[in-house]
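This is entry-v2.cif. It holds mmCIF, C-alpha atoms.
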```cif
data_run
loop_
_atom_site.label_atom_id
_atom_site.label_comp_id
_atom_site.auth_asym_id
_atom_site.auth_seq_id
_atom_site.Cartn_x
_atom_site.Cartn_y
_atom_site.Cartn_z
CA MET A 17 90.26 76.15 23.61
CA ALA A 18 90.93 74.42 26.93
CA LEU A 19 90.51 76.25 30.21
CA SER A 20 93.81 76.34 32.11
CA TYR A 21 95.24 78.36 34.95
CA SER A 22 98.80 79.62 34.84
CA ASP A 23 98.98 81.09 38.36
CA ARG A 24 100.51 79.19 41.25
CA LEU A 25 98.30 78.59 44.26
CA VAL A 26 99.16 80.82 47.22
CA ALA A 27 100.27 78.58 50.08
CA LEU A 28 99.12 79.35 53.62
CA ASP A 29 102.69 80.33 54.56
CA ALA A 30 102.45 83.20 52.04
CA TRP A 31 99.18 84.68 53.32
CA PRO A 32 99.96 88.22 54.56
CA SER A 33 99.60 88.90 58.29
CA THR A 34 98.34 85.37 58.91
CA THR A 35 99.79 83.15 61.60
CA ARG A 36 98.70 79.61 62.20
CA SER A 37 99.06 77.19 65.04
CA TYR A 38 97.66 73.86 66.08
CA ARG A 39 97.13 71.80 69.18
CA TYR A 40 95.56 68.52 70.20
CA THR A 41 92.70 68.67 72.70
CA GLY A 42 89.78 66.44 73.62
CA ALA A 43 89.10 63.66 76.07
CA ALA A 44 91.24 60.55 76.53
CA GLY A 45 90.71 58.25 73.57
CA ALA A 46 88.93 60.98 71.56
CA PRO A 47 91.57 63.51 70.49
CA VAL A 48 90.62 66.59 68.50
CA LEU A 49 93.03 68.52 66.30
CA GLU A 50 92.49 72.29 66.46
CA VAL A 51 94.06 74.47 63.78
CA LEU A 52 93.96 78.22 64.46
CA LEU A 53 94.27 80.98 61.85
CA ASN A 54 95.05 84.36 63.37
CA PHE A 55 95.16 87.70 61.57
CA ASP A 56 97.62 90.40 62.69
CA PRO A 57 96.13 93.85 61.92
CA SER A 58 99.15 95.84 63.18
CA PRO A 59 100.57 96.69 59.69
CA TYR A 60 97.25 98.41 58.85
CA ALA A 61 96.47 100.04 62.20
CA PRO A 62 98.99 102.74 63.06
CA ALA A 63 99.61 103.49 66.71
CA ASP A 64 102.00 105.74 68.61
CA ALA A 65 104.39 102.82 69.07
CA ARG A 66 104.48 102.32 65.28
CA ALA A 67 104.83 105.90 64.07
CA HIS A 68 106.64 104.71 60.93
CA LEU A 69 103.29 103.42 59.63
CA GLN A 70 101.97 107.00 59.57
CA ALA A 71 104.85 108.13 57.35
CA VAL A 72 104.29 108.87 53.68
CA ARG A 73 107.07 107.60 51.44
CA PHE A 74 108.75 109.98 49.04
CA GLY A 75 106.67 110.22 45.86
CA ASP A 76 103.64 108.60 47.46
CA GLU A 77 100.44 110.25 48.64
CA ILE A 78 99.18 107.80 51.24
CA PRO A 79 100.68 106.56 54.53
CA VAL A 80 102.56 103.28 54.80
CA TRP A 81 99.74 101.52 56.68
CA GLN A 82 97.31 102.23 53.85
CA ARG A 83 99.82 101.16 51.19
CA ASN A 84 100.27 97.91 53.16
CA ALA A 85 96.51 97.35 53.12
CA ILE A 86 96.30 97.97 49.36
CA ALA A 87 99.15 95.55 48.61
CA ASP A 88 97.87 92.80 50.91
CA LEU A 89 94.29 93.24 49.68
CA GLY A 90 95.49 92.36 46.18
CA ARG A 91 97.13 89.20 47.51
CA PHE A 92 94.04 88.15 49.47
CA GLN A 93 91.78 88.83 46.48
CA LEU A 94 93.91 86.37 44.49
CA ILE A 95 93.61 83.82 47.32
CA TYR A 96 89.85 84.40 47.45
CA PHE A 97 89.35 83.73 43.74
CA GLN A 98 91.66 80.70 43.76
CA LEU A 99 89.85 79.00 46.63
CA ASN A 100 86.26 79.91 45.70
CA GLN A 101 86.14 78.57 42.14
CA ASN A 102 83.40 75.95 41.82
CA TYR A 103 82.34 74.40 38.51
CA ASP A 104 79.18 72.65 39.77
CA GLY A 105 76.18 73.58 37.66
CA LEU A 106 78.11 75.79 35.22
CA GLY A 107 77.78 73.39 32.29
CA VAL A 108 81.49 73.33 31.49
CA PRO A 109 82.10 69.97 29.78
CA GLY A 110 84.36 67.70 31.82
CA LEU A 111 84.54 70.03 34.83
CA ASN A 112 82.65 69.87 38.08
CA GLY A 113 83.27 70.54 41.75
CA GLN A 114 85.80 72.77 43.40
CA ALA A 115 88.75 73.86 41.27
CA VAL A 116 90.98 73.70 44.36
CA SER A 117 90.77 70.95 46.96
CA MET A 118 91.98 71.42 50.52
CA SER A 119 93.55 68.60 52.49
CA LEU A 120 95.34 68.16 55.76
CA VAL A 121 98.60 66.21 55.89
CA ASN A 122 99.18 64.81 59.39
CA SER A 123 102.27 62.68 60.07
CA LEU A 124 100.56 60.97 63.02
CA LEU A 125 98.14 59.15 60.72
CA ALA A 126 98.83 55.95 58.78
CA ALA A 127 97.12 57.63 55.78
CA PRO A 128 98.55 61.13 56.33
CA GLU A 129 96.60 63.12 53.72
CA GLN A 130 92.86 63.58 54.20
CA LEU A 131 90.46 65.98 52.50
CA LEU A 132 89.13 68.68 54.81
CA THR A 133 85.54 68.41 55.87
CA GLU A 134 83.12 70.86 54.30
CA ALA A 135 82.88 72.67 57.67
CA ALA A 136 86.68 73.12 57.82
CA ARG A 137 86.76 74.28 54.19
CA GLU A 138 83.99 76.81 54.89
CA ALA A 139 85.87 78.08 57.96
CA ILE A 140 88.96 78.78 55.83
CA LEU A 141 86.88 80.49 53.13
CA GLY A 142 85.14 82.53 55.85
CA TYR A 143 88.51 83.63 57.20
CA VAL A 144 89.59 84.77 53.73
CA ASP A 145 86.26 86.60 53.25
CA GLN A 146 86.70 88.47 56.55
CA VAL A 147 90.26 89.47 55.70
CA VAL A 148 89.22 90.79 52.27
CA VAL A 149 86.44 92.90 53.82
CA TYR A 150 88.80 94.25 56.50
CA LEU A 151 91.62 95.08 54.07
CA ALA A 152 89.23 96.68 51.57
CA ALA A 153 88.05 99.06 54.28
CA ARG A 154 91.59 99.85 55.46
CA ALA A 155 92.80 100.32 51.86
CA ASN A 156 90.11 102.99 51.49
CA GLY A 157 91.16 104.63 54.76
CA ALA A 158 88.06 103.50 56.66
CA SER A 159 88.14 101.93 60.10
CA ALA A 160 87.21 98.26 60.38
CA THR A 161 87.18 95.43 62.87
CA PRO A 162 89.90 92.86 62.14
CA PRO A 163 88.89 89.23 61.65
CA ALA A 164 88.60 87.07 64.74
CA THR A 165 90.72 83.95 65.13
CA THR A 166 89.34 81.10 63.03
CA LYS A 167 89.38 77.64 64.59
CA LEU A 168 89.12 74.39 62.67
CA SER A 169 88.29 71.42 64.91
CA MET A 170 88.77 67.95 63.48
CA PRO A 171 88.41 64.68 65.39
CA VAL A 172 91.37 62.30 65.14
CA ASP A 173 90.58 58.61 64.69
CA VAL A 174 92.84 56.78 67.16
CA ALA A 175 92.53 53.61 65.07
CA GLY A 176 94.06 55.51 62.13
CA LEU A 177 97.28 56.47 63.93
CA THR A 178 100.55 55.28 62.42
CA GLN A 179 102.14 52.29 64.11
CA GLY A 180 105.63 52.68 62.58
CA SER A 181 107.71 53.41 65.67
CA ASP A 182 107.70 54.74 69.20
CA ILE A 183 108.93 58.16 68.08
CA ILE A 184 107.02 59.89 65.30
CA ARG A 185 108.02 63.18 63.75
CA LEU A 186 105.13 65.58 64.20
CA ASP A 187 104.33 67.36 60.93
CA LEU A 188 101.11 69.06 59.94
CA ALA A 189 100.40 70.86 56.67
CA LEU A 190 97.40 72.32 54.90
CA ARG A 191 97.65 71.45 51.20
CA PHE A 192 95.85 73.17 48.34
CA SER A 193 95.63 71.24 45.06
CA ARG A 194 94.06 72.38 41.81
CA GLN A 195 92.34 69.87 39.52
CA ALA A 196 95.05 68.68 37.12
CA ALA A 197 92.84 69.31 34.08
CA LEU A 198 92.76 73.02 34.99
CA VAL A 199 96.52 73.56 35.29
CA ALA A 200 98.48 74.96 32.36
CA PRO A 201 100.88 72.29 31.03
CA ALA A 202 103.93 74.46 31.79
CA LEU A 203 103.02 74.49 35.51
CA ARG A 204 102.04 70.85 36.03
CA ALA A 205 105.56 69.69 36.90
CA LEU A 206 106.35 72.60 39.23
CA GLN A 207 105.79 72.45 42.97
CA GLY A 208 102.75 74.58 43.77
CA GLY A 209 101.78 74.64 40.09
#
```
Can you turn what I pasted into structure tokens?
Amino acid sequence: MALSYSDRLVALDAWPSTTRSYRYTGAAGAPVLEVLLNFDPSPYAPADARAHLQAVRFGDEIPVWQRNAIADLGRFQLIYFQLNQNYDGLGVPGLNGQAVSMSLVNSLLAAPEQLLTEAAREAILGYVDQVVVYLAARANGASATPPATTKLSMPVDVAGLTQGSDIIRLDLALRFSRQAALVAPALRALQGG
């Protein structure tokens, strides 16, 4: 029986309480792309200004903030297991390496899609780890320190910039792709499948 996954990968846009931004920094002739992942703990940390988070919904036994943490913990656990699957050394015939690759699509480059460096990949996995630990504590009603902002810094090769026109649409995306051999046939043709 073939190993195949039938779940869609969770795109960065669907990560709960996660905002992302990017900017170009660096010296003249040596630009660096910085991508920032920021976690917003406010749905899990009630304050006087957000009294509604202390409320307990009819038929429930825990406050809204804790219910939020439980729901979002489940989502981040799924993200964790999707991104951390590695078949190296497991002896599964025909499978090796990461089940999910991570790449950056940058419209400024002549070859827009490039695999993330191992350091950038580890930074993203570290962010997910920190969020899971934080949400697990909050889901159990314990206090916890929210994850710090995660910064990915990637040098931009000036020689690799696109030369198509004077005006270039600025698009940047983080793409997750599962090895095709691991995807259930029914999902292969679907976007995000």
Item to check | Selection dump of the PyMOL selection byres ((chain A and resi 19-24) around 12), as JSON, numbers by chain | outcome: {"A": [17, 18, 25, 26, 27, 30, 94, 95, 97, 98, 99, 101, 103, 108, 109, 110, 111, 115, 116, 192, 193, 194, 195, 196, 197, 198, 199, 200, 201, 202, 203, 204, 205, 206, 207, 208, 209]}
Can you list every residue of range 144-203 of chain A that has an atom at most 7 Å from range 117-139 of chain A, with its nearest atom pair and the distance in Å to one decimal, using all atoms listed in the file, ordered by chain then number, as JSON lines?
```
{"residue": "A:Thr166", "atom": "CA", "partner": "A:Ala139", "partner_atom": "CA", "distance": 6.8}
{"residue": "A:Leu168", "atom": "CA", "partner": "A:Ala136", "partner_atom": "CA", "distance": 5.6}
{"residue": "A:Gly176", "atom": "CA", "partner": "A:Leu125", "partner_atom": "CA", "distance": 5.6}
{"residue": "A:Leu177", "atom": "CA", "partner": "A:Leu125", "partner_atom": "CA", "distance": 4.3}
{"residue": "A:Thr178", "atom": "CA", "partner": "A:Ala126", "partner_atom": "CA", "distance": 4.1}
{"residue": "A:Ile184", "atom": "CA", "partner": "A:Leu124", "partner_atom": "CA", "distance": 6.9}
{"residue": "A:Arg185", "atom": "CA", "partner": "A:Ser123", "partner_atom": "CA", "distance": 6.8}
{"residue": "A:Leu186", "atom": "CA", "partner": "A:Ser123", "partner_atom": "CA", "distance": 5.8}
{"residue": "A:Asp187", "atom": "CA", "partner": "A:Ser123", "partner_atom": "CA", "distance": 5.2}
{"residue": "A:Leu188", "atom": "CA", "partner": "A:Asn122", "partner_atom": "CA", "distance": 4.7}
{"residue": "A:Ala189", "atom": "CA", "partner": "A:Val121", "partner_atom": "CA", "distance": 5.0}
{"residue": "A:Leu190", "atom": "CA", "partner": "A:Leu120", "partner_atom": "CA", "distance": 4.7}
{"residue": "A:Arg191", "atom": "CA", "partner": "A:Ser119", "partner_atom": "CA", "distance": 5.2}
{"residue": "A:Phe192", "atom": "CA", "partner": "A:Met118", "partner_atom": "CA", "distance": 4.8}
{"residue": "A:Ser193", "atom": "CA", "partner": "A:Ser117", "partner_atom": "CA", "distance": 5.2}
{"residue": "A:Arg194", "atom": "CA", "partner": "A:Ser117", "partner_atom": "CA", "distance": 6.3}
```
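Distances to Pro57 in chain A were evaluated for A:Asn112, A:Thr165, A:Ser181, A:Gln93 using all atoms listed in the file, and the minimum falls at A:Thr165.
When CA of Ile78 in chain A is paired with CA of Gly157 in chain A, their separation reads 9.3 Å.
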Item to check | Answer key for the PyMOL selection byres ((chain A and resi 160) around 9), residues as a ChimeraX atom specification | outcome: /A:149-151,153-154,158-159,161-162
Next on the checklist: Evaluate the PyMOL selection byres ((chain A and resi 43-50) around 9) against this structure - the residues, as a ChimeraX atom specification, please.
Outcome noted: /A:37-42,51-52,167-174
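Picture a line from CA of Phe92 in chain A to CA of Asp104 in chain A; it runs 23.6 Å.
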Item to check | Spatial neighbours of Leu89 in chain A, max dist 8 Å, only C-alpha atoms, sep filter under 2 positions, as a PyMOL selection string | outcome: chain A and resi 85-87+91-93+148+151-152+155
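Checking A:Gly75, A:Asp29, A:Val80, A:Phe55 one by one against Gln146 in chain A, counting all atoms listed in the file, you find the shortest gap at A:Phe55.
Separating CA of Thr34 in chain A from CA of Asn156 in chain A is a distance of 20.8 Å.
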Checklist outcome for this item: Counting only C-alpha atoms, closest pick from A:Gln179, A:Gln114, A:Ser33, A:Asn100 relative to Asn54 in chain A is A:Ser33
Around range 94-108 of chain A, fit a box with edges along x, y and z, padding it by 6 Å on each side, then list its centre and edge lengths in Å to one decimal as lines of an AutoDock Vina configuration file.
```
center_x = 85.0
center_y = 79.5
center_z = 39.5
size_x = 29.7
size_y = 25.7
size_z = 28.0
```
